[in-house]
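S.K.: So that we are looking at the same thing, I have put the structure below in structure tokens.
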Amino acid sequence: MPTELATLIEEQRTTVQDLERENSLAGWQANITGRPEDEAKAAELQAQLMRCYSDSARYAKLKELKAEDYDLARQQKLLVNRFTSNQMAPEVIDEIAKRDAEMDSLFNNFRGKLRGEAVSDNHLRDILKDSDDSALRKEAWETSKQIGAVSAPKILELVEIRNREAKRLGFPDYYQMRIQLQELEVDTLFALLDDVAKQTKPLFTAYKQNLDEQLAKRFGGRAEDMRPWHYADPFFQSPPNTEKVDIDVYFEGKGLEDITNRFFDSLGLDIKAIMANSDLYEKPGKCQHAFCTHIGRDTGDIRVLCNLRPNAQWMKTLLHEFGHAAYDMELDPELPFFLKGAAHTMTTESIAELMGRFSDNGVWLAKWAGVRPEDAGQIEKAAHAMHRAYMLIFTQWVLVMSSFERAMYADPSQDLNTLWWDLVEKFQQVRRPDNRHAPDWAAKIHLATVPGYYHNYLLGEMTAAQILHTLRTRVVSSEEELVTSPKVGAWLTENIFRHGSRYSWNDLLTRATGEPLNAKYFVEDLA
Ligand SMILES: [Zn+2]
């Protein structure tokens with residue numbers, strides 16, 4: 001006789017299994033065609049799926065039943081988390097969905113005005129990337145923040161609704177709820193983030209001083225006169241491209257799919273069927289980014305969307321997406337339904353990041369992209385310098401985003417404009433503009449549409465560094481083996497992929513690498 005909890009979980013599986021499959025198929029279709037009717041269908045199925053997790057009677061029962069074994073307890077925990085985030089009246093679900101869509105649309109369609117003319121984000125980015133005209137840069141930077149005046153009140157309304165619902169469910173605020181439902185604790189999360197920021201701060205400070213001196217030479221003035229518009233993007237999230245090695249030439253005329261197929265094959269991960277099942281080239285109306293999706297969580301119908309061009313950026317992206325694909329492909333088919341899926345967003349992102357970074361690895365370039373070994377070494381050196389600069393900058397930036405969001409949900413009525421610049425000065429060491437009091441924070445789309453998520457990018461990088469260290473020290477004996485040996489695929493499958501979400505992310509990482517997530521290997525890489 002199955003127990004009451006097992007029966008309830010089985011009922012939930014029957015409720016969602018077909019719908020999950022239809023939902024991911026509709027999402028895929030909408031991203032391929034971009035047709036409004038396909039997008040509407042995908043949104044409707046998404047809302048239907050959310051409603052499958054909002055049944056309060058089933059939620060109450062799910063919480064109180066006692067689990068008889070580990071797998072049932074684990075499924076129960078994951079299901080309770082999913083139900084918790086959907087415990088809202090249907091009209092509140094609809095209201096939030098409507099406002100989310102409005103925010104997406106605002107950020108997609110808003111065009112700031114520069115010298116009287118409506119301009120795209122890409123145009124503003126190009127100015128910040130390339131222009132030597134300080135006055136124009138300042139105006140372009142201010143233009144990039146114009147959306148803040150429109151989005152700030154709307155974000156604050158969303159914060160109020162989200163906080164109201166979270167408090168009704170017994171959480172101090174919405175940010176705390178989001179973090180807890182991702183199997184994190186706010187204190188532990190910030191201990192980790194603060195630690196990695198502190199450990200990399202001296203390296204960042206030295207890098208930043210050097211950068212400011214270079215910028216001062218370029219734009220005139222002293223290093224301490226540099227302001228937000230002197231950096232290479234509107235938020236100083238990434239470094240200017242200072243390395244002059246052109247990697248793209250090595251990928252001209254190359255078949256990126258073939259390289260990826262053969263590389264993964266050598267690792268013992270046969271992804272050829274998924275490659276054939278994917279949609280890899282540009283089409284009108286098609287989503288311009290890249291992602292990997294599993295149509296339903298247990299069908300084995302895994303697909304990658306890309307817009308390939310034969311250059312280094314798309315090589316990296318293709319390897320990244322097939323990292324996600326390999327993870328899903330190697331899930332143990334015997335796992336219970338609700339444990340089929342990656343242990344955590346940061347875990348699958350770490351595998352994708354690890355695979356993507358091989359395109360910067362000299363041994364990989366020589367082995368798989370046909371680059372002459374003497375060139376490969378030079379590319380690796382340049383790529384490593386860029387990666388290091390990027391990570392030093394990105395770490396401090398994640399601290400700004402996460403600290404701001406935490407504080408905003410704790411007290412949305414405080415002076416957020418000042419708080420934002422206090423954090424930017426503290427972490428990024430970028431001086432605030434004189435005499436400016438504007439909601440510059442509200443120009444960042446993530447604060448509107450992906451709440452309580454930003455830390456995952458950095459935790460994913462830290463996880464990747466820790467896994468890579470284990471591969472290098474315990475699994476392979478050379479860089480050559482790291483990029484050609486089936487030992488790598490076997491280790492990843494055995495220690496990470498096959499377990500799905502049977503273990504929580506940090507337990508899984510501890511079992512695999514011998515220690516819980518920590519900053520050590522990420523920091524070592526940057527030293
Ligand atoms: Zn990814």
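In the structure tokens, the first chain shown is A, the next is B, and so on; residue numbers restart at 1 for each chain, and ligands run from 1 in the order shown.
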Ligand 1: which residues are within 7 Å, counting only C-alpha atoms and all ligand atoms, as a list in words?

M.R.: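 Result of the 7 Å neighbour search around ligand 1: Phe291, His320, Glu321, His324, Glu349 and Ala352 of chain A.
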
S.K.: Against segment 100-111 of chain A, which residues of segment 127-153 of chain A fall within 12 Å? For each one I want the closest pair of atoms and the distance in Å (one decimal), counting only C-alpha atoms, rows by chain and increasing residue number, as a tab-separated table.

M.R.:
residue	atom	partner	partner_atom	distance
A:Ala140	CA	A:Arg111	CA	12.0
A:Thr143	CA	A:Arg111	CA	8.9
A:Ser144	CA	A:Arg111	CA	8.8
A:Lys145	CA	A:Arg111	CA	10.6
A:Gln146	CA	A:Arg111	CA	8.8
A:Ile147	CA	A:Phe110	CA	7.0
A:Gly148	CA	A:Phe107	CA	10.2
A:Ala149	CA	A:Phe110	CA	11.6
A:Val150	CA	A:Leu106	CA	8.8
A:Ser151	CA	A:Met103	CA	7.7
A:Ala152	CA	A:Met103	CA	10.6
A:Pro153	CA	A:Met103	CA	11.3

S.K.: Restricting it to N, CA and C atoms, dump the selection as a PDB file, in the first residue's frame.

M.R.:
ATOM      1  N   ALA A 140      25.064  60.198 -22.736  1.00  0.00           N
ATOM      2  CA  ALA A 140      24.620  58.836 -23.063  1.00  0.00           C
ATOM      3  C   ALA A 140      24.331  58.060 -21.781  1.00  0.00           C
ATOM      4  N   THR A 143      21.147  59.249 -20.355  1.00  0.00           N
ATOM      5  CA  THR A 143      20.040  58.719 -21.157  1.00  0.00           C
ATOM      6  C   THR A 143      19.722  57.278 -20.746  1.00  0.00           C
ATOM      7  N   SER A 144      20.777  56.507 -20.478  1.00  0.00           N
ATOM      8  CA  SER A 144      20.558  55.101 -20.106  1.00  0.00           C
ATOM      9  C   SER A 144      19.797  54.990 -18.776  1.00  0.00           C
ATOM     10  N   LYS A 145      19.745  56.071 -18.008  1.00  0.00           N
ATOM     11  CA  LYS A 145      19.048  56.044 -16.717  1.00  0.00           C
ATOM     12  C   LYS A 145      17.649  56.655 -16.782  1.00  0.00           C
ATOM     13  N   GLN A 146      17.265  57.171 -17.956  1.00  0.00           N
ATOM     14  CA  GLN A 146      15.946  57.834 -18.056  1.00  0.00           C
ATOM     15  C   GLN A 146      14.806  56.888 -17.722  1.00  0.00           C
ATOM     16  N   ILE A 147      14.946  55.627 -18.069  1.00  0.00           N
ATOM     17  CA  ILE A 147      13.878  54.660 -17.803  1.00  0.00           C
ATOM     18  C   ILE A 147      13.578  54.562 -16.300  1.00  0.00           C
ATOM     19  N   GLY A 148      14.578  54.870 -15.472  1.00  0.00           N
ATOM     20  CA  GLY A 148      14.409  54.771 -14.016  1.00  0.00           C
ATOM     21  C   GLY A 148      13.230  55.580 -13.493  1.00  0.00           C
ATOM     22  N   ALA A 149      13.033  56.778 -14.054  1.00  0.00           N
ATOM     23  CA  ALA A 149      11.942  57.639 -13.587  1.00  0.00           C
ATOM     24  C   ALA A 149      10.591  56.978 -13.837  1.00  0.00           C
ATOM     25  N   VAL A 150      10.472  56.215 -14.930  1.00  0.00           N
ATOM     26  CA  VAL A 150       9.220  55.534 -15.270  1.00  0.00           C
ATOM     27  C   VAL A 150       9.088  54.221 -14.488  1.00  0.00           C
ATOM     28  N   SER A 151      10.197  53.486 -14.400  1.00  0.00           N
ATOM     29  CA  SER A 151      10.100  52.146 -13.807  1.00  0.00           C
ATOM     30  C   SER A 151      10.095  52.164 -12.279  1.00  0.00           C
ATOM     31  N   ALA A 152      10.733  53.159 -11.651  1.00  0.00           N
ATOM     32  CA  ALA A 152      10.863  53.141 -10.188  1.00  0.00           C
ATOM     33  C   ALA A 152       9.510  53.013  -9.473  1.00  0.00           C
ATOM     34  N   PRO A 153       8.512  53.883  -9.800  1.00  0.00           N
ATOM     35  CA  PRO A 153       7.222  53.731  -9.081  1.00  0.00           C
ATOM     36  C   PRO A 153       6.576  52.373  -9.330  1.00  0.00           C
TER      37      PRO A 153
END

S.K.: As a ChimeraX atom specification, list the residues of segment 172-296 of chain A assigned to strand (DSSP E or B) by DSSP on the backbone atoms of this structure.

M.R.: /A:279,291-294

S.K.: I need the residues from that last selection saved to file as a PDB file, in the first residue's frame (with N, CA and C atoms), if you can.

M.R.:
ATOM      1  N   ASP A 279      17.736  23.919 -32.580  1.00  0.00           N
ATOM      2  CA  ASP A 279      17.482  24.968 -33.574  1.00  0.00           C
ATOM      3  C   ASP A 279      18.601  25.987 -33.429  1.00  0.00           C
ATOM      4  N   PHE A 291      19.405  29.297 -25.207  1.00  0.00           N
ATOM      5  CA  PHE A 291      19.047  28.560 -23.989  1.00  0.00           C
ATOM      6  C   PHE A 291      18.928  27.080 -24.303  1.00  0.00           C
ATOM      7  N   CYS A 292      18.840  26.285 -23.247  1.00  0.00           N
ATOM      8  CA  CYS A 292      18.648  24.847 -23.378  1.00  0.00           C
ATOM      9  C   CYS A 292      17.365  24.505 -22.631  1.00  0.00           C
ATOM     10  N   THR A 293      16.546  23.647 -23.202  1.00  0.00           N
ATOM     11  CA  THR A 293      15.304  23.287 -22.513  1.00  0.00           C
ATOM     12  C   THR A 293      15.067  21.786 -22.599  1.00  0.00           C
ATOM     13  N   HIS A 294      14.425  21.259 -21.569  1.00  0.00           N
ATOM     14  CA  HIS A 294      14.013  19.857 -21.551  1.00  0.00           C
ATOM     15  C   HIS A 294      12.493  19.902 -21.695  1.00  0.00           C
TER      16      HIS A 294
END

S.K.: One decimal, in Å: what's the spacing between atom CA of Asn361 of chain A and atom CA of Ile271 of chain A?

M.R.: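 For atom CA of Asn361 of chain A relative to atom CA of Ile271 of chain A, the distance reads 21.1 Å.
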
S.K.: Here is a test: counting only C-alpha atoms, which residue of A:Pro451, A:Gly460, A:Gly323, A:Gly341 is nearest to Gly300 of chain A?

M.R.: A:Gly341

S.K.: Tell me which of A:Glu494, A:Asp525, A:Asp38, A:Glu183 sits closest to Arg511 of chain A, counting only C-alpha atoms.

M.R.: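 For Arg511 of chain A, the nearest of the candidates is A:Glu494.
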
S.K.: Considering only C-alpha atoms, return as a VMD selection string whatever protein or nucleic-acid residues lie within 12 Å of Ala73 of chain A, sequence-local ones (same chain, fewer than 3 positions apart) excluded.

M.R.: chain A and resid 5 to 6 9 62 to 70 76 to 80 336 338 to 339 502 to 504

S.K.: When DSSP is applied to the backbone of this structure, which of segment 182-223 of chain A are assigned alpha helix (DSSP H)? Write them out as a PyMOL selection string.

M.R.: chain A and resi 186-219

S.K.: Just checking: using only C-alpha atoms, which residue out of A:Arg21, A:Ser359, A:Thr418, A:Glu37 ends up closest to Asn435 of chain A?

M.R.: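 Of A:Arg21, A:Ser359, A:Thr418, A:Glu37, the one nearest Asn435 of chain A, counting only C-alpha atoms, is A:Thr418.
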
S.K.: Within 9 Å of Asn495 of chain A, counting only C-alpha atoms, which residues show up once you throw out same-chain ones fewer than 4 positions away? Write them as number ranges by chain, please.

M.R.: A: 490-491, 499, 508-509, 511-513

S.K.: Would you write out those residues with C-alpha atoms, as a PDB file, in the first residue's frame?

M.R.:
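In the end it all went to part_36.pdb:
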ATOM      1  CA  ALA A 490      32.101   9.837 -16.090  1.00  0.00           C
ATOM      2  CA  TRP A 491      33.043  11.822 -12.986  1.00  0.00           C
ATOM      3  CA  HIS A 499      21.563  12.608  -8.760  1.00  0.00           C
ATOM      4  CA  LEU A 508      25.698  17.498  -3.552  1.00  0.00           C
ATOM      5  CA  LEU A 509      28.743  19.758  -3.898  1.00  0.00           C
ATOM      6  CA  ARG A 511      29.765  14.878  -1.640  1.00  0.00           C
ATOM      7  CA  ALA A 512      31.352  15.630  -5.018  1.00  0.00           C
ATOM      8  CA  THR A 513      34.266  17.883  -3.995  1.00  0.00           C
TER       9      THR A 513
END

S.K.: Identify, on the basis of only C-alpha atoms, every residue whose closest approach to Ala410 of chain A does not exceed 12 Å; exclude the query and any residue fewer than 6 positions from it along the same chain; express the result as a list in words.

M.R.: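 Listed by chain and then number, they are Val159, Glu160, Arg162, Asn163, Arg164, Ala166, Lys167, Phe171, Pro172, Asp173, Tyr174, Tyr175, Gln176, Met177, Ser403, Phe404 and Leu416 of chain A.
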
S.K.: Quick one: of A:Asn518, A:Asn23, A:Ser350, A:Ser131, who's nearest to Leu468 of chain A, counting only C-alpha atoms?

M.R.: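 Ranking A:Asn518, A:Asn23, A:Ser350, A:Ser131 by distance to Leu468 of chain A, first place goes to A:Ser350.
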
S.K.: For Gln12 of chain A, which of A:Phe337, A:Tyr390, A:Phe264, A:Trp397 is the closest residue, counting only C-alpha atoms?

M.R.: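 Closest to Gln12 of chain A, using only C-alpha atoms: A:Phe337.
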
S.K.: Can you pull out the residues contacting segment 482-489 of chain A? Cut-off 12 Å, using only C-alpha atoms, and skip same-chain residues under 4 positions away; I want them as a PyMOL selection string.

M.R.: chain A and resi 260+262-271+323+326-327+329-330+351+354-355+357-369+467-478+493-498

S.K.: Near Leu215 of chain A, counting only C-alpha atoms, which residues have an atom at most 12 Å away, once you skip same-chain residues fewer than 3 positions from it, shown as a list in words?

M.R.: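 With the cut-off at 12 Å, the set is Ser131, Asp132, Asp133, Ser134, Lys208, Gln209, Asn210, Leu211, Asp212, Arg218, Phe219, Gly220, Gly221, Arg222, Ala223, Glu224, Asp225, Met226, Arg227, Pro228, Trp229, His230, Tyr231, Ala232, Pro239, Pro240 and Thr242 of chain A.
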
S.K.: Using only C-alpha atoms, which residue out of A:Gln180, A:Asn417, A:Thr200, A:Ser56 lies closest to Arg388 of chain A?

M.R.: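 Of all the options, A:Thr200 lies closest to Arg388 of chain A.
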
S.K.: What does the distance from atom CA of Asn241 of chain A to atom CA of Ala389 of chain A come to in Å, to one decimal?

M.R.: 9.7 Å

S.K.: Just give me the gap between atom CA of Pro284 of chain A and atom CA of Glu353 of chain A in Å, one decimal is fine.

M.R.: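 For atom CA of Pro284 of chain A relative to atom CA of Glu353 of chain A, the distance reads 28.4 Å.
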